[in-house]
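Heads up, the thing below is written out as structure tokens.
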Amino acid sequence: MGSYNVGVSSSTAVGPEPPSAIAARRFSLGQRFSLWLISWASYLAISVIGPTLRYSISWEEPPSPLGATYEKPVIYSFWHRAVFAGAWLWRNAGLAVMVSRSFDGEYIARTIEKLGFSAVRGSSTRGGAIALLGLKSQLENGASVVFTIDGPRGPKYVAKPGPVLLSRASGAPMAAFYVALSDAWVLNTWDALMIPKPFSKALVRFGAKVQVPADASDAEMATCHQRLQAALERVTSFAEEHVAKVGSPEFPRIRD
């Protein structure tokens with residue numbers, strides 16, 4: 001699984017990258033226009049289709065009951081292809097999302113910011129350590145964070161180690177989830193991105209939490225990484241197998 005020695009122990013507060021920093025990257029005029037067009041088109045598509053979706057949520061371990069003692073934030077991971085349905089369900093929920101510094105990552109960042117998410121820019125290849133510090137700061141401020149874990153360019157269904165590093169550094173647990181759709185347009189992209197058809201059923205399956213010890217060795221980190229990969233595969237299989245049952249007594253529909 002590789003080395004796990006990226007340093008993210010600093011307590012310096014690092015938040016979402018400000019617009020001035022984005023502008024400094026100097027996208028061309030054509031790129032800026034494309035970013036504006038794609039981000040607004042994506043936002044409008046999510047805002048139009050999202051309200052028609054019929055969601056149900058299922059857990060491997062029971063969620064905390066209402067009124068329970070405060071539960072610390074969680075580091076969530078899910079596959080890139082499920083971003084559309086996930087973005088609508090958790091809009092305006094105060095979540096921070098790690099997105100790539102690539103052009104594709106930038107239009108995703110601008111889209112989800114319109115939906116109330118905080119975008120922390122970085123990836124496994126560019127700005128990763130700074131982005132992990134930003135996510136650690138978000139956790140310390142009480143916000144859960146989210147990784148599109150096989151992004152920004154794949155390979156599809158292969159989890160990167162960011163959540164494991166962040167869990168060790170922050171003390172927050174990891175959890176995997178997936179959003180399966182009963183009826184979707186699947187794009188011919190590296191991630192097989194799913195665009196839900198109106199009135200589709202959507203089943204969200206959450207995996208059990210995994211805690212990475214603060215003093216975890218490289219071998220223990222590799223084991224936690226394997227557990228995260230296995231959890232992602234497990235929740236994906238479960239959700240895809242049961243999505244047709246959304247609305248049944250077994251998988252009651254939530255009211256969004």
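We name chains A, B, ... following the order of the structure tokens; residues begin at 1 in each chain, and ligands are numbered from 1 as shown.
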Mind checking DSSP for region 95-170 of chain A and telling me the strand (DSSP E or B) residues as a VMD selection string?
chain A and resid 96 to 99 118 to 121 145 to 148
With a distance cut-off of 10 Å and only C-alpha atoms, select the neighbouring residues of Pro63 (chain A), excluding the residue or stretch itself and same-chain residues fewer than 3 positions from it, and output the selection as a list in words.
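Near Pro63 (chain A), the qualifying residues are Ser58, Trp59, Glu60, Leu66, Phe206 and Ala208 of chain A.
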Residues of region 71-172 of chain A within 7 Å of region 179-199 of chain A: nearest atom pair and distance (Å, one decimal) for each, counting only C-alpha atoms, sorted by chain and number, as a Markdown table?
| residue | atom | partner | partner_atom | distance |
| --- | --- | --- | --- | --- |
| A:His80 | CA | A:Asp191 | CA | 6.3 |
| A:Arg81 | CA | A:Leu193 | CA | 4.1 |
| A:Ala82 | CA | A:Val179 | CA | 5.8 |
| A:Phe84 | CA | A:Ile195 | CA | 6.5 |
| A:Ala85 | CA | A:Val179 | CA | 6.9 |
| A:Gly86 | CA | A:Val179 | CA | 6.8 |
| A:Arg153 | CA | A:Trp190 | CA | 6.9 |
| A:Gly154 | CA | A:Trp190 | CA | 6.8 |
| A:Lys156 | CA | A:Asp191 | CA | 5.5 |
Convert the current residue selection to file output with C-alpha atoms, as an mmCIF file, in the first residue's frame.
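After the write, result.cif holds the following:
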data_model
loop_
_atom_site.group_PDB
_atom_site.id
_atom_site.type_symbol
_atom_site.label_atom_id
_atom_site.label_comp_id
_atom_site.auth_asym_id
_atom_site.auth_seq_id
_atom_site.Cartn_x
_atom_site.Cartn_y
_atom_site.Cartn_z
ATOM 1 C CA HIS A 80 -16.445 9.319 -7.352
ATOM 2 C CA ARG A 81 -19.265 7.998 -9.553
ATOM 3 C CA ALA A 82 -21.905 8.612 -6.845
ATOM 4 C CA PHE A 84 -24.428 13.590 -8.045
ATOM 5 C CA ALA A 85 -26.894 11.863 -5.708
ATOM 6 C CA GLY A 86 -24.664 12.444 -2.688
ATOM 7 C CA ARG A 153 -8.554 10.294 -12.141
ATOM 8 C CA GLY A 154 -8.840 6.778 -10.814
ATOM 9 C CA LYS A 156 -11.936 3.384 -10.443
#
Given the choices A:Gly122, A:Pro51, A:Pro213, A:Gly116, which gets closest to Asn92 (chain A) if the distance is worked out from only C-alpha atoms?
A:Gly116
Report the residues of region 121-221 of chain A whose backbone DSSP state falls under helix (DSSP H, G or I), written as a list in words.
Gly128, Ala129, Ile130, Ala131, Leu132, Leu133, Gly134, Leu135, Lys136, Ser137, Gln138, Leu139, Glu140, Gly162, Pro163, Val164, Leu165, Leu166, Ser167, Arg168, Ala169, Ser170, Asp218, Ala219, Glu220 and Met221 of chain A
Tell me which protein, DNA and RNA residues are within 8 Å of region 40-43 of chain A, counting only C-alpha atoms, leaving out same-chain ones fewer than 2 positions away, and put them as a PyMOL selection string.
chain A and resi 36-38+45-47+111-112+114-115
Give me, as a tab-separated table, the closest atom pair and its distance (Å, one decimal) for every residue of region 20-92 of chain A within a cut-off of 8 Å of region 223-243 of chain A, counting only C-alpha atoms, rows sorted by chain and rising number.
residue	atom	partner	partner_atom	distance
A:Ser77	CA	A:Leu232	CA	7.8
A:Phe78	CA	A:Leu232	CA	6.9
A:Trp79	CA	A:Leu232	CA	7.9
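Among the candidates A:Glu106, A:Pro173, A:Lys245, A:Ser118, the residue lying nearest to Ser34 (chain A) is A:Glu106 (atoms considered: only C-alpha atoms).
The interatomic distance for the pair CA of Leu44 (chain A) and CA of Gly105 (chain A) works out to 17.9 Å.
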Might you pull out every residue within 10 Å of Val246 (chain A), with only C-alpha atoms counted and same-chain residues fewer than 2 positions away left off, and present them as a list in words?
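Once the adjacent positions are removed, what remains is Arg54, Tyr55, Ser56, Ile57, Leu181, Ser182, Ser200, Lys201, Ala202, Leu203, Val204, His242, Val243, Ala244, Ser248, Pro249, Glu250, Phe251, Pro252, Arg253 and Ile254 of chain A.
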Neighbours of Ala159 (chain A) within 7 Å (only C-alpha atoms; same-chain residues fewer than 2 positions away dropped), as a tab-separated table (two decimals) with N, CA and C atoms, in the first residue's frame?
chain	number	residue	atom	x	y	z
A	149	ILE	N	-12.99	8.98	-3.02
A	149	ILE	CA	-11.77	8.28	-2.64
A	149	ILE	C	-10.99	7.69	-3.81
A	150	ASP	N	-11.61	7.49	-4.97
A	150	ASP	CA	-10.85	7.01	-6.12
A	150	ASP	C	-10.53	8.13	-7.10
A	157	TYR	N	-12.61	2.55	-8.29
A	157	TYR	CA	-12.81	1.58	-7.21
A	157	TYR	C	-11.50	1.19	-6.50
A	161	PRO	N	-4.99	6.60	0.12
A	161	PRO	CA	-4.74	6.50	1.57
A	161	PRO	C	-5.08	7.74	2.38
A	229	GLN	N	-10.82	-0.16	2.01
A	229	GLN	CA	-11.12	-0.69	0.68
A	229	GLN	C	-12.22	-1.75	0.75
Residue contacts of Gln138 (chain A) (12 Å, only C-alpha atoms) excluding same-chain residues fewer than 4 positions away, as a PyMOL selection string:
chain A and resi 11-16+72-75+94-98+117-120+131-134+142-146+166+170+172
Would you export the selected residues with N, CA and C atoms as a PDB file, in the first residue's frame, please?
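Once written, selection_21.pdb looks like this:
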ATOM      1  N   SER A  11      -1.062  21.976  13.977  1.00  0.00           N
ATOM      2  CA  SER A  11      -2.369  22.457  14.426  1.00  0.00           C
ATOM      3  C   SER A  11      -2.746  23.767  13.755  1.00  0.00           C
ATOM      4  N   THR A  12      -1.922  24.222  12.820  1.00  0.00           N
ATOM      5  CA  THR A  12      -2.235  25.465  12.114  1.00  0.00           C
ATOM      6  C   THR A  12      -3.548  25.332  11.369  1.00  0.00           C
ATOM      7  N   ALA A  13      -4.432  26.298  11.539  1.00  0.00           N
ATOM      8  CA  ALA A  13      -5.742  26.238  10.873  1.00  0.00           C
ATOM      9  C   ALA A  13      -5.570  26.507   9.392  1.00  0.00           C
ATOM     10  N   VAL A  14      -6.002  25.568   8.576  1.00  0.00           N
ATOM     11  CA  VAL A  14      -5.960  25.730   7.130  1.00  0.00           C
ATOM     12  C   VAL A  14      -7.340  25.429   6.613  1.00  0.00           C
ATOM     13  N   GLY A  15      -8.013  26.410   6.065  1.00  0.00           N
ATOM     14  CA  GLY A  15      -9.380  26.230   5.619  1.00  0.00           C
ATOM     15  C   GLY A  15      -9.468  26.050   4.124  1.00  0.00           C
ATOM     16  N   PRO A  16     -10.676  26.111   3.565  1.00  0.00           N
ATOM     17  CA  PRO A  16     -10.856  26.017   2.131  1.00  0.00           C
ATOM     18  C   PRO A  16     -10.066  27.117   1.426  1.00  0.00           C
ATOM     19  N   LYS A  72     -18.246  12.842  17.740  1.00  0.00           N
ATOM     20  CA  LYS A  72     -17.236  13.613  17.021  1.00  0.00           C
ATOM     21  C   LYS A  72     -17.372  13.404  15.515  1.00  0.00           C
ATOM     22  N   PRO A  73     -16.818  14.330  14.736  1.00  0.00           N
ATOM     23  CA  PRO A  73     -16.946  14.250  13.277  1.00  0.00           C
ATOM     24  C   PRO A  73     -16.322  12.966  12.714  1.00  0.00           C
ATOM     25  N   VAL A  74     -16.730  12.656  11.495  1.00  0.00           N
ATOM     26  CA  VAL A  74     -16.317  11.426  10.829  1.00  0.00           C
ATOM     27  C   VAL A  74     -15.642  11.774   9.503  1.00  0.00           C
ATOM     28  N   ILE A  75     -14.697  10.941   9.107  1.00  0.00           N
ATOM     29  CA  ILE A  75     -14.041  11.054   7.802  1.00  0.00           C
ATOM     30  C   ILE A  75     -14.723  10.064   6.869  1.00  0.00           C
ATOM     31  N   GLY A  94     -22.949  21.377   5.948  1.00  0.00           N
ATOM     32  CA  GLY A  94     -21.713  21.795   6.596  1.00  0.00           C
ATOM     33  C   GLY A  94     -20.555  20.847   6.398  1.00  0.00           C
ATOM     34  N   LEU A  95     -20.575  20.028   5.339  1.00  0.00           N
ATOM     35  CA  LEU A  95     -19.507  19.073   5.077  1.00  0.00           C
ATOM     36  C   LEU A  95     -18.380  19.715   4.279  1.00  0.00           C
ATOM     37  N   ALA A  96     -17.161  19.274   4.554  1.00  0.00           N
ATOM     38  CA  ALA A  96     -15.991  19.696   3.787  1.00  0.00           C
ATOM     39  C   ALA A  96     -15.564  18.550   2.883  1.00  0.00           C
ATOM     40  N   VAL A  97     -15.274  18.860   1.629  1.00  0.00           N
ATOM     41  CA  VAL A  97     -14.957  17.832   0.632  1.00  0.00           C
ATOM     42  C   VAL A  97     -13.590  18.107   0.030  1.00  0.00           C
ATOM     43  N   MET A  98     -12.746  17.089  -0.041  1.00  0.00           N
ATOM     44  CA  MET A  98     -11.461  17.230  -0.709  1.00  0.00           C
ATOM     45  C   MET A  98     -11.663  17.053  -2.207  1.00  0.00           C
ATOM     46  N   PHE A 117     -21.377  23.075   0.379  1.00  0.00           N
ATOM     47  CA  PHE A 117     -20.211  22.346   0.858  1.00  0.00           C
ATOM     48  C   PHE A 117     -19.003  23.278   0.919  1.00  0.00           C
ATOM     49  N   SER A 118     -18.008  22.913   1.715  1.00  0.00           N
ATOM     50  CA  SER A 118     -16.717  23.575   1.699  1.00  0.00           C
ATOM     51  C   SER A 118     -15.762  22.718   0.879  1.00  0.00           C
ATOM     52  N   ALA A 119     -15.122  23.301  -0.123  1.00  0.00           N
ATOM     53  CA  ALA A 119     -14.184  22.566  -0.965  1.00  0.00           C
ATOM     54  C   ALA A 119     -12.763  22.828  -0.492  1.00  0.00           C
ATOM     55  N   VAL A 120     -12.052  21.764  -0.159  1.00  0.00           N
ATOM     56  CA  VAL A 120     -10.643  21.854   0.227  1.00  0.00           C
ATOM     57  C   VAL A 120      -9.845  21.256  -0.915  1.00  0.00           C
ATOM     58  N   ALA A 131      -3.871  20.038   1.745  1.00  0.00           N
ATOM     59  CA  ALA A 131      -5.298  19.712   1.783  1.00  0.00           C
ATOM     60  C   ALA A 131      -5.639  18.892   3.021  1.00  0.00           C
ATOM     61  N   LEU A 132      -4.770  17.953   3.405  1.00  0.00           N
ATOM     62  CA  LEU A 132      -5.031  17.175   4.616  1.00  0.00           C
ATOM     63  C   LEU A 132      -5.023  18.062   5.854  1.00  0.00           C
ATOM     64  N   LEU A 133      -4.146  19.059   5.874  1.00  0.00           N
ATOM     65  CA  LEU A 133      -4.167  20.013   6.980  1.00  0.00           C
ATOM     66  C   LEU A 133      -5.484  20.787   7.001  1.00  0.00           C
ATOM     67  N   GLY A 134      -5.957  21.163   5.822  1.00  0.00           N
ATOM     68  CA  GLY A 134      -7.231  21.866   5.746  1.00  0.00           C
ATOM     69  C   GLY A 134      -8.374  21.017   6.258  1.00  0.00           C
ATOM     70  N   GLY A 142     -15.370  20.829  14.128  1.00  0.00           N
ATOM     71  CA  GLY A 142     -16.638  20.122  14.294  1.00  0.00           C
ATOM     72  C   GLY A 142     -17.326  19.668  13.032  1.00  0.00           C
ATOM     73  N   ALA A 143     -16.687  19.854  11.858  1.00  0.00           N
ATOM     74  CA  ALA A 143     -17.301  19.451  10.596  1.00  0.00           C
ATOM     75  C   ALA A 143     -16.799  18.084  10.169  1.00  0.00           C
ATOM     76  N   SER A 144     -17.693  17.219   9.707  1.00  0.00           N
ATOM     77  CA  SER A 144     -17.265  15.982   9.073  1.00  0.00           C
ATOM     78  C   SER A 144     -16.713  16.290   7.692  1.00  0.00           C
ATOM     79  N   VAL A 145     -15.852  15.402   7.183  1.00  0.00           N
ATOM     80  CA  VAL A 145     -15.220  15.631   5.893  1.00  0.00           C
ATOM     81  C   VAL A 145     -15.446  14.429   4.985  1.00  0.00           C
ATOM     82  N   VAL A 146     -15.299  14.660   3.686  1.00  0.00           N
ATOM     83  CA  VAL A 146     -15.628  13.639   2.697  1.00  0.00           C
ATOM     84  C   VAL A 146     -14.526  13.557   1.644  1.00  0.00           C
ATOM     85  N   LEU A 166      -5.405  10.914   7.591  1.00  0.00           N
ATOM     86  CA  LEU A 166      -6.141  11.933   8.324  1.00  0.00           C
ATOM     87  C   LEU A 166      -6.700  11.388   9.628  1.00  0.00           C
ATOM     88  N   SER A 170      -5.837  13.037  13.187  1.00  0.00           N
ATOM     89  CA  SER A 170      -6.911  13.795  13.825  1.00  0.00           C
ATOM     90  C   SER A 170      -7.609  13.075  14.962  1.00  0.00           C
ATOM     91  N   ALA A 172     -10.173  11.233  14.387  1.00  0.00           N
ATOM     92  CA  ALA A 172     -11.541  11.010  13.912  1.00  0.00           C
ATOM     93  C   ALA A 172     -11.641   9.649  13.229  1.00  0.00           C
TER      94      ALA A 172
END
